[in-house]
$ cat structure.cif   # mmCIF, C-alpha atoms, pLDDT in the B column; chains and numbers go by the auth columns
data_data
#
loop_
_atom_site.group_PDB
_atom_site.id
_atom_site.type_symbol
_atom_site.label_atom_id
_atom_site.label_comp_id
_atom_site.label_asym_id
_atom_site.label_seq_id
_atom_site.Cartn_x
_atom_site.Cartn_y
_atom_site.Cartn_z
_atom_site.B_iso_or_equiv
_atom_site.auth_seq_id
_atom_site.auth_asym_id
ATOM 1 C CA GLU A 1 -4.896 -33.694 -10.725 75.00 1 A
ATOM 2 C CA PRO A 2 -3.878 -34.081 -7.052 78.00 2 A
ATOM 3 C CA GLU A 3 -1.619 -37.016 -6.318 90.00 3 A
ATOM 4 C CA VAL A 4 0.122 -38.812 -3.504 94.00 4 A
ATOM 5 C CA THR A 5 3.868 -38.244 -3.459 95.00 5 A
ATOM 6 C CA GLN A 6 6.574 -40.283 -1.767 97.00 6 A
ATOM 7 C CA THR A 7 10.229 -39.674 -0.990 96.00 7 A
ATOM 8 C CA PRO A 8 12.782 -40.954 -1.538 96.00 8 A
ATOM 9 C CA SER A 9 12.083 -43.031 -4.615 96.00 9 A
ATOM 10 C CA HIS A 10 14.874 -45.416 -3.659 96.00 10 A
ATOM 11 C CA GLN A 11 16.556 -45.909 -0.297 96.00 11 A
ATOM 12 C CA VAL A 12 19.538 -48.145 0.293 97.00 12 A
ATOM 13 C CA THR A 13 20.481 -48.897 3.883 97.00 13 A
ATOM 14 C CA GLN A 14 22.569 -51.242 5.966 97.00 14 A
ATOM 15 C CA MET A 15 20.919 -53.929 8.048 97.00 15 A
ATOM 16 C CA GLY A 16 20.156 -52.630 11.527 97.00 16 A
ATOM 17 C CA GLN A 17 19.839 -48.998 10.467 97.00 17 A
ATOM 18 C CA GLU A 18 16.729 -46.906 10.906 97.00 18 A
ATOM 19 C CA VAL A 19 14.891 -45.597 7.863 97.00 19 A
ATOM 20 C CA ILE A 20 12.075 -43.107 7.509 97.00 20 A
ATOM 21 C CA LEU A 21 9.894 -43.223 4.441 97.00 21 A
ATOM 22 C CA ARG A 22 7.898 -40.115 3.684 97.00 22 A
ATOM 23 C CA CYS A 23 4.561 -39.584 2.048 96.00 23 A
ATOM 24 C CA VAL A 24 2.466 -36.545 1.273 95.00 24 A
ATOM 25 C CA PRO A 25 -1.130 -37.693 0.837 93.00 25 A
ATOM 26 C CA ILE A 26 -3.703 -35.802 -1.194 89.00 26 A
ATOM 27 C CA SER A 27 -4.444 -32.649 0.764 85.00 27 A
ATOM 28 C CA ASN A 28 -8.096 -33.140 1.766 84.00 28 A
ATOM 29 C CA HIS A 29 -7.807 -36.863 2.428 87.00 29 A
ATOM 30 C CA LEU A 30 -8.305 -38.195 5.936 84.00 30 A
ATOM 31 C CA TYR A 31 -7.421 -41.878 5.812 88.00 31 A
ATOM 32 C CA PHE A 32 -3.848 -42.968 5.189 91.00 32 A
ATOM 33 C CA TYR A 33 -2.250 -46.321 4.572 93.00 33 A
ATOM 34 C CA TRP A 34 1.094 -48.008 4.172 96.00 34 A
ATOM 35 C CA TYR A 35 1.581 -51.144 2.118 95.00 35 A
ATOM 36 C CA ARG A 36 4.592 -53.105 1.090 96.00 36 A
ATOM 37 C CA GLN A 37 5.281 -55.307 -1.897 95.00 37 A
ATOM 38 C CA ILE A 38 8.223 -57.659 -1.889 95.00 38 A
ATOM 39 C CA LEU A 39 9.522 -58.164 -5.424 92.00 39 A
ATOM 40 C CA GLY A 40 7.343 -60.633 -7.287 88.00 40 A
ATOM 41 C CA GLN A 41 4.827 -60.928 -4.485 90.00 41 A
ATOM 42 C CA LYS A 42 1.481 -59.400 -3.675 90.00 42 A
ATOM 43 C CA VAL A 43 0.753 -56.032 -2.134 93.00 43 A
ATOM 44 C CA GLU A 44 0.471 -56.433 1.650 93.00 44 A
ATOM 45 C CA PHE A 45 -1.372 -54.119 3.996 92.00 45 A
ATOM 46 C CA LEU A 46 0.755 -52.756 6.838 95.00 46 A
ATOM 47 C CA VAL A 47 -1.226 -50.087 8.659 94.00 47 A
ATOM 48 C CA SER A 48 -4.080 -47.632 8.384 90.00 48 A
ATOM 49 C CA PHE A 49 -4.169 -44.255 10.107 91.00 49 A
ATOM 50 C CA TYR A 50 -7.070 -41.965 10.828 87.00 50 A
ATOM 51 C CA ASN A 51 -7.580 -39.016 13.120 84.00 51 A
ATOM 52 C CA ASN A 52 -3.949 -39.083 14.213 86.00 52 A
ATOM 53 C CA GLU A 53 -3.940 -42.668 15.353 90.00 53 A
ATOM 54 C CA ILE A 54 -3.533 -46.162 13.996 92.00 54 A
ATOM 55 C CA SER A 55 -6.923 -47.652 13.155 87.00 55 A
ATOM 56 C CA GLU A 56 -5.708 -51.063 12.022 87.00 56 A
ATOM 57 C CA LYS A 57 -2.417 -52.857 11.570 90.00 57 A
ATOM 58 C CA SER A 58 -1.377 -56.196 10.155 90.00 58 A
ATOM 59 C CA GLU A 59 0.786 -58.911 11.679 91.00 59 A
ATOM 60 C CA ILE A 60 3.676 -57.552 9.636 93.00 60 A
ATOM 61 C CA PHE A 61 3.505 -54.212 11.436 95.00 61 A
ATOM 62 C CA ASP A 62 5.432 -55.226 14.551 93.00 62 A
ATOM 63 C CA ASP A 63 7.301 -53.133 17.102 94.00 63 A
ATOM 64 C CA GLN A 64 10.016 -52.179 14.666 95.00 64 A
ATOM 65 C CA PHE A 65 7.494 -50.193 12.616 97.00 65 A
ATOM 66 C CA SER A 66 5.876 -46.907 13.541 97.00 66 A
ATOM 67 C CA VAL A 67 3.888 -44.246 11.727 96.00 67 A
ATOM 68 C CA GLU A 68 3.504 -40.585 12.368 93.00 68 A
ATOM 69 C CA ARG A 69 1.829 -37.549 10.935 90.00 69 A
ATOM 70 C CA PRO A 70 4.202 -34.910 12.286 83.00 70 A
ATOM 71 C CA ASP A 71 2.466 -31.993 10.587 84.00 71 A
ATOM 72 C CA GLY A 72 -0.618 -31.433 8.488 76.00 72 A
ATOM 73 C CA SER A 73 0.835 -32.837 5.309 83.00 73 A
ATOM 74 C CA ASN A 74 3.492 -35.519 5.841 91.00 74 A
ATOM 75 C CA PHE A 75 2.790 -39.136 6.772 94.00 75 A
ATOM 76 C CA THR A 76 5.860 -41.170 7.663 96.00 76 A
ATOM 77 C CA LEU A 77 6.728 -44.820 8.124 97.00 77 A
ATOM 78 C CA LYS A 78 9.727 -45.553 10.328 97.00 78 A
ATOM 79 C CA ILE A 79 11.515 -48.866 10.452 97.00 79 A
ATOM 80 C CA ARG A 80 13.748 -48.844 13.524 95.00 80 A
ATOM 81 C CA SER A 81 16.218 -51.613 12.818 94.00 81 A
ATOM 82 C CA THR A 82 15.984 -52.815 9.262 97.00 82 A
ATOM 83 C CA LYS A 83 16.306 -56.464 8.326 96.00 83 A
ATOM 84 C CA LEU A 84 17.195 -57.970 4.980 97.00 84 A
ATOM 85 C CA GLU A 85 13.591 -59.124 4.584 96.00 85 A
ATOM 86 C CA ASP A 86 12.363 -55.525 4.824 97.00 86 A
ATOM 87 C CA SER A 87 13.635 -54.978 1.280 97.00 87 A
ATOM 88 C CA ALA A 88 10.505 -54.168 -0.713 97.00 88 A
ATOM 89 C CA MET A 89 8.511 -51.426 -2.382 97.00 89 A
ATOM 90 C CA TYR A 90 6.606 -49.397 0.181 98.00 90 A
ATOM 91 C CA PHE A 91 3.466 -47.690 -1.034 96.00 91 A
ATOM 92 C CA CYS A 92 1.551 -44.974 0.716 96.00 92 A
ATOM 93 C CA ALA A 93 -2.134 -44.524 -0.095 93.00 93 A
ATOM 94 C CA SER A 94 -4.930 -42.232 0.960 90.00 94 A
ATOM 95 C CA ILE A 95 -8.696 -42.084 0.772 85.00 95 A
ATOM 96 C CA GLY A 96 -10.786 -38.976 0.490 77.00 96 A
ATOM 97 C CA THR A 97 -14.010 -38.195 2.204 65.00 97 A
ATOM 98 C CA SER A 98 -16.282 -39.435 -0.546 58.00 98 A
ATOM 99 C CA GLY A 99 -16.968 -42.664 1.280 60.00 99 A
ATOM 100 C CA THR A 100 -16.198 -44.779 -1.746 65.00 100 A
ATOM 101 C CA LYS A 101 -13.005 -46.198 -0.201 72.00 101 A
ATOM 102 C CA GLU A 102 -11.135 -45.853 -3.486 80.00 102 A
ATOM 103 C CA GLN A 103 -7.478 -45.611 -2.580 85.00 103 A
ATOM 104 C CA PHE A 104 -4.975 -43.446 -4.367 89.00 104 A
ATOM 105 C CA PHE A 105 -1.436 -44.758 -4.263 93.00 105 A
ATOM 106 C CA GLY A 106 1.852 -42.952 -4.296 95.00 106 A
ATOM 107 C CA PRO A 107 4.634 -44.068 -6.653 95.00 107 A
ATOM 108 C CA GLY A 108 6.375 -46.003 -3.902 96.00 108 A
ATOM 109 C CA THR A 109 9.772 -46.079 -2.243 97.00 109 A
ATOM 110 C CA ARG A 110 12.036 -48.953 -3.107 97.00 110 A
ATOM 111 C CA LEU A 111 13.881 -49.966 0.071 98.00 111 A
ATOM 112 C CA THR A 112 16.988 -52.083 -0.293 97.00 112 A
ATOM 113 C CA VAL A 113 18.547 -53.445 2.889 97.00 113 A
ATOM 114 C CA LEU A 114 22.102 -54.714 2.515 96.00 114 A
ATOM 115 C CA ARG B 1 -9.246 -70.794 1.689 68.00 1 B
ATOM 116 C CA LYS B 2 -7.199 -67.698 0.931 75.00 2 B
ATOM 117 C CA GLU B 3 -8.773 -64.365 1.810 87.00 3 B
ATOM 118 C CA VAL B 4 -8.618 -63.165 -1.778 93.00 4 B
ATOM 119 C CA GLU B 5 -7.732 -65.557 -4.538 94.00 5 B
ATOM 120 C CA GLN B 6 -7.154 -64.796 -8.193 96.00 6 B
ATOM 121 C CA ASP B 7 -6.336 -66.803 -11.306 92.00 7 B
ATOM 122 C CA PRO B 8 -2.587 -67.438 -11.108 89.00 8 B
ATOM 123 C CA GLY B 9 -1.877 -66.469 -14.718 89.00 9 B
ATOM 124 C CA PRO B 10 -0.108 -65.293 -16.689 94.00 10 B
ATOM 125 C CA PHE B 11 -2.595 -64.819 -19.479 95.00 11 B
ATOM 126 C CA ASN B 12 -1.129 -64.468 -22.954 96.00 12 B
ATOM 127 C CA VAL B 13 -3.800 -63.365 -25.392 96.00 13 B
ATOM 128 C CA PRO B 14 -3.763 -61.840 -28.886 97.00 14 B
ATOM 129 C CA GLU B 15 -4.671 -58.229 -29.382 97.00 15 B
ATOM 130 C CA GLY B 16 -8.389 -57.801 -29.867 97.00 16 B
ATOM 131 C CA ALA B 17 -9.351 -60.817 -27.776 97.00 17 B
ATOM 132 C CA THR B 18 -11.658 -60.758 -24.774 97.00 18 B
ATOM 133 C CA VAL B 19 -10.073 -61.542 -21.422 97.00 19 B
ATOM 134 C CA ALA B 20 -11.821 -62.546 -18.210 97.00 20 B
ATOM 135 C CA PHE B 21 -10.315 -62.330 -14.729 97.00 21 B
ATOM 136 C CA ASN B 22 -11.822 -64.073 -11.736 96.00 22 B
ATOM 137 C CA CYS B 23 -11.461 -63.389 -8.036 96.00 23 B
ATOM 138 C CA THR B 24 -12.973 -65.088 -5.006 96.00 24 B
ATOM 139 C CA TYR B 25 -13.001 -63.839 -1.439 93.00 25 B
ATOM 140 C CA SER B 26 -13.519 -65.684 1.818 91.00 26 B
ATOM 141 C CA ASN B 27 -14.983 -63.051 4.139 85.00 27 B
ATOM 142 C CA SER B 28 -18.725 -62.784 3.624 84.00 28 B
ATOM 143 C CA ALA B 29 -18.691 -59.454 5.504 82.00 29 B
ATOM 144 C CA SER B 30 -16.686 -57.831 2.729 84.00 30 B
ATOM 145 C CA GLN B 31 -18.346 -54.677 1.515 82.00 31 B
ATOM 146 C CA SER B 32 -16.193 -52.933 -1.061 87.00 32 B
ATOM 147 C CA PHE B 33 -14.527 -54.380 -4.102 92.00 33 B
ATOM 148 C CA PHE B 34 -12.141 -52.967 -6.638 93.00 34 B
ATOM 149 C CA TRP B 35 -9.991 -53.871 -9.581 96.00 35 B
ATOM 150 C CA TYR B 36 -6.596 -52.216 -9.797 95.00 36 B
ATOM 151 C CA ARG B 37 -3.956 -52.540 -12.465 96.00 37 B
ATOM 152 C CA GLN B 38 -0.277 -52.498 -11.725 96.00 38 B
ATOM 153 C CA ASP B 39 2.406 -51.956 -14.322 95.00 39 B
ATOM 154 C CA CYS B 40 5.840 -53.411 -13.700 90.00 40 B
ATOM 155 C CA ARG B 41 7.577 -51.679 -10.772 86.00 41 B
ATOM 156 C CA LYS B 42 4.823 -49.075 -10.515 92.00 42 B
ATOM 157 C CA GLU B 43 2.100 -48.383 -7.975 93.00 43 B
ATOM 158 C CA PRO B 44 -1.352 -49.950 -8.222 94.00 44 B
ATOM 159 C CA LYS B 45 -3.830 -47.706 -10.002 93.00 45 B
ATOM 160 C CA LEU B 46 -7.569 -47.941 -9.593 91.00 46 B
ATOM 161 C CA LEU B 47 -9.231 -49.397 -12.647 94.00 47 B
ATOM 162 C CA MET B 48 -12.775 -49.596 -11.393 93.00 48 B
ATOM 163 C CA SER B 49 -14.961 -50.172 -8.384 90.00 49 B
ATOM 164 C CA VAL B 50 -17.246 -53.193 -8.440 92.00 50 B
ATOM 165 C CA TYR B 51 -20.896 -52.747 -7.589 82.00 51 B
ATOM 166 C CA SER B 52 -23.565 -55.324 -6.902 84.00 52 B
ATOM 167 C CA SER B 53 -25.437 -54.304 -10.013 84.00 53 B
ATOM 168 C CA GLY B 54 -22.334 -54.675 -12.143 87.00 54 B
ATOM 169 C CA ASN B 55 -20.698 -51.786 -13.896 91.00 55 B
ATOM 170 C CA GLU B 56 -19.154 -51.029 -17.232 93.00 56 B
ATOM 171 C CA ASP B 57 -16.574 -48.504 -18.305 93.00 57 B
ATOM 172 C CA GLY B 58 -15.830 -48.619 -21.998 96.00 58 B
ATOM 173 C CA ARG B 59 -14.194 -51.954 -22.778 97.00 59 B
ATOM 174 C CA PHE B 60 -14.165 -52.975 -19.106 97.00 60 B
ATOM 175 C CA THR B 61 -16.996 -54.706 -17.256 96.00 61 B
ATOM 176 C CA ALA B 62 -16.905 -55.667 -13.585 96.00 62 B
ATOM 177 C CA GLN B 63 -19.392 -57.922 -11.841 95.00 63 B
ATOM 178 C CA LEU B 64 -19.978 -59.016 -8.272 95.00 64 B
ATOM 179 C CA ASN B 65 -21.747 -62.140 -7.104 93.00 65 B
ATOM 180 C CA ARG B 66 -22.177 -61.873 -3.342 91.00 66 B
ATOM 181 C CA ALA B 67 -23.799 -65.275 -2.971 92.00 67 B
ATOM 182 C CA SER B 68 -20.780 -66.968 -4.546 93.00 68 B
ATOM 183 C CA GLN B 69 -18.309 -64.406 -3.138 94.00 69 B
ATOM 184 C CA TYR B 70 -16.940 -63.899 -6.601 94.00 70 B
ATOM 185 C CA ILE B 71 -15.813 -60.873 -8.604 96.00 71 B
ATOM 186 C CA SER B 72 -14.984 -60.725 -12.258 96.00 72 B
ATOM 187 C CA LEU B 73 -13.402 -58.326 -14.709 97.00 73 B
ATOM 188 C CA LEU B 74 -13.925 -58.577 -18.445 97.00 74 B
ATOM 189 C CA ILE B 75 -11.791 -56.710 -20.960 97.00 75 B
ATOM 190 C CA ARG B 76 -13.138 -56.603 -24.486 98.00 76 B
ATOM 191 C CA ASP B 77 -11.160 -55.792 -27.628 97.00 77 B
ATOM 192 C CA SER B 78 -7.897 -55.937 -25.687 97.00 78 B
ATOM 193 C CA LYS B 79 -5.090 -53.512 -26.567 97.00 79 B
ATOM 194 C CA LEU B 80 -1.350 -53.836 -26.198 97.00 80 B
ATOM 195 C CA SER B 81 -1.558 -51.161 -23.492 97.00 81 B
ATOM 196 C CA ASP B 82 -3.755 -53.445 -21.387 97.00 82 B
ATOM 197 C CA SER B 83 -0.679 -55.547 -20.595 97.00 83 B
ATOM 198 C CA ALA B 84 -0.270 -55.299 -16.809 97.00 84 B
ATOM 199 C CA THR B 85 -1.028 -57.165 -13.615 96.00 85 B
ATOM 200 C CA TYR B 86 -4.659 -56.959 -12.517 97.00 86 B
ATOM 201 C CA LEU B 87 -5.268 -56.877 -8.779 96.00 87 B
ATOM 202 C CA CYS B 88 -8.487 -57.758 -7.023 96.00 88 B
ATOM 203 C CA VAL B 89 -8.980 -55.744 -3.824 93.00 89 B
ATOM 204 C CA VAL B 90 -11.520 -56.508 -1.133 91.00 90 B
ATOM 205 C CA ILE B 91 -12.355 -54.411 1.903 86.00 91 B
ATOM 206 C CA ALA B 92 -14.151 -55.937 4.896 74.00 92 B
ATOM 207 C CA THR B 93 -16.027 -53.554 7.105 66.00 93 B
ATOM 208 C CA ASN B 94 -17.392 -55.855 9.783 52.00 94 B
ATOM 209 C CA ARG B 95 -14.989 -54.366 12.286 49.00 95 B
ATOM 210 C CA ASP B 96 -12.372 -52.037 10.961 54.00 96 B
ATOM 211 C CA ASP B 97 -11.624 -51.678 7.310 63.00 97 B
ATOM 212 C CA LYS B 98 -9.342 -54.524 6.435 70.00 98 B
ATOM 213 C CA ILE B 99 -7.944 -54.221 2.953 81.00 99 B
ATOM 214 C CA ILE B 100 -6.835 -57.371 1.226 88.00 100 B
ATOM 215 C CA PHE B 101 -5.122 -57.531 -2.145 92.00 101 B
ATOM 216 C CA GLY B 102 -5.150 -60.580 -4.331 94.00 102 B
ATOM 217 C CA LYS B 103 -1.819 -61.712 -5.676 93.00 103 B
ATOM 218 C CA GLY B 104 -2.738 -60.424 -9.103 95.00 104 B
ATOM 219 C CA THR B 105 -3.012 -61.935 -12.542 96.00 105 B
ATOM 220 C CA ARG B 106 -0.488 -60.867 -15.131 96.00 106 B
ATOM 221 C CA LEU B 107 -1.822 -60.175 -18.608 97.00 107 B
ATOM 222 C CA HIS B 108 0.320 -60.094 -21.743 96.00 108 B
ATOM 223 C CA ILE B 109 -1.380 -58.857 -24.890 97.00 109 B
ATOM 224 C CA LEU B 110 0.385 -60.242 -27.940 96.00 110 B
ATOM 225 C CA PRO B 111 0.584 -58.225 -31.176 94.00 111 B
#

$ encode --input "structure.cif" --output "structure tokens"
Amino acid sequence: EPEVTQTPSHQVTQMGQEVILRCVPISNHLYFYWYRQILGQKVEFLVSFYNNEISEKSEIFDDQFSVERPDGSNFTLKIRSTKLEDSAMYFCASIGTSGTKEQFFGPGTRLTVL
Amino acid sequence: RKEVEQDPGPFNVPEGATVAFNCTYSNSASQSFFWYRQDCRKEPKLLMSVYSSGNEDGRFTAQLNRASQYISLLIRDSKLSDSATYLCVVIATNRDDKIIFGKGTRLHILP
């Protein structure tokens, strides 16, 4: 069964450093998403991406965040200058072309900012 | 009113019991509704979509009441493996797809 994959599974970084989180969505999917979940809190939408551009972003997704689809398979989330409060699980998700809007999530990357 | 609101939980119920989860949403333009389950430190996994006519999948029944802006999930004959956090997800399509997760309701099934 096709699945969304994410790397790394755990990233530890120093405050102020840049991190890039990587995702490989399901191959024939067209809509891609990033979410974050701070420990013990709810899943929060960050950004959606379609046709090589951002289609929607939340208030959380400020100038320190960016997304890119550098090739036909990878979908990346970059945080330019990490803050302590960026520590969270980051989930990538994708939707196929069925029109049902059912999202398939990757296993997540746990980001720890020290 | 919160965009998506769920029972705060946790629910602690004996194995075999029936459990009901409730979710309300504030945006009347919302079009798509889902229940996900999330195990501890894992990704959310789709449990079922919620349709206006209601839908059932084995022990699970989901219902939507658009007039009351209310979604429910019923689990019958609960199993130990049902222990997880249940997330209500609402997508509004009046402009762009805006995906809102509820905070989730944790369920503990007791042996």

$ atom_distance --input "structure.cif" --atom1 "CA of Leu111 in chain A" --atom2 "CA of Ala93 in chain A"
16.9 Å

$ resolve_selection --input "structure.cif" --expression "the PyMOL selection byres ((chain B and resi 27) around 12)" --output "ChimeraX atom specification"
/B:1-5,24-26,28-33,66-70,90-95,98-100

$ atom_distance --input "structure.cif" --atom1 "CA of Ile95 in chain A" --atom2 "CA of Val24 in chain A"
12.5 Å

$ closest_residue --input "structure.cif" --among "B:Arg37, B:Arg76, B:Lys45, B:His108" --to "chain A" --atoms "all atoms listed in the file"
B:Lys45

$ atom_distance --input "structure.cif" --atom1 "CA of Cys92 in chain A" --atom2 "CA of Gly72 in chain A"
15.8 Å

$ axis_aligned_box --input "structure.cif" --around "range 2-9 of chain B" --padding-each-side "6 Å" --output "lines of an AutoDock Vina configuration file"
center_x = -5.3
center_y = -65.4
center_z = -6.5
size_x = 18.9
size_y = 16.5
size_z = 28.5

$ resolve_selection --input "structure.cif" --expression "the PyMOL selection byres ((chain A) within 8 of (chain B))" --output "list in words"
Gln41, Lys42, Val43, Glu44, Phe45, Ser55, Glu56, Phe91, Lys101, Glu102, Gln103, Phe104, Phe105, Gly106, Pro107 and Gly108 of chain A

$ write_last_selection --input "structure.cif" --atoms "C-alpha atoms" --output "short mmCIF file (atom, residue, chain, number, x, y, z; two decimals), keeping the file's coordinate frame"
data_model
loop_
_atom_site.label_atom_id
_atom_site.label_comp_id
_atom_site.auth_asym_id
_atom_site.auth_seq_id
_atom_site.Cartn_x
_atom_site.Cartn_y
_atom_site.Cartn_z
CA GLN A 41 4.83 -60.93 -4.49
CA LYS A 42 1.48 -59.40 -3.68
CA VAL A 43 0.75 -56.03 -2.13
CA GLU A 44 0.47 -56.43 1.65
CA PHE A 45 -1.37 -54.12 4.00
CA SER A 55 -6.92 -47.65 13.16
CA GLU A 56 -5.71 -51.06 12.02
CA PHE A 91 3.47 -47.69 -1.03
CA LYS A 101 -13.00 -46.20 -0.20
CA GLU A 102 -11.14 -45.85 -3.49
CA GLN A 103 -7.48 -45.61 -2.58
CA PHE A 104 -4.97 -43.45 -4.37
CA PHE A 105 -1.44 -44.76 -4.26
CA GLY A 106 1.85 -42.95 -4.30
CA PRO A 107 4.63 -44.07 -6.65
CA GLY A 108 6.38 -46.00 -3.90
#

$ resolve_selection --input "structure.cif" --expression "the PyMOL selection byres ((chain B and resi 109) around 8)" --output "PyMOL selection string"
chain B and resi 12-15+78-83+107-108+110-111

$ residues_near_point --input "structure.cif" --point "(1.2, -36.0, 4.1)" --cutoff "7 Å" --atoms "all atoms listed in the file" --output "PDB file with C-alpha atoms, in the coordinates of the input"
ATOM      1  CA  CYS A  23       4.561 -39.584   2.048  1.00 96.00           C
ATOM      2  CA  VAL A  24       2.466 -36.545   1.273  1.00 95.00           C
ATOM      3  CA  PRO A  25      -1.130 -37.693   0.837  1.00 93.00           C
ATOM      4  CA  GLY A  72      -0.618 -31.433   8.488  1.00 76.00           C
ATOM      5  CA  SER A  73       0.835 -32.837   5.309  1.00 83.00           C
ATOM      6  CA  ASN A  74       3.492 -35.519   5.841  1.00 91.00           C
ATOM      7  CA  PHE A  75       2.790 -39.136   6.772  1.00 94.00           C
TER       8      PHE A  75
END
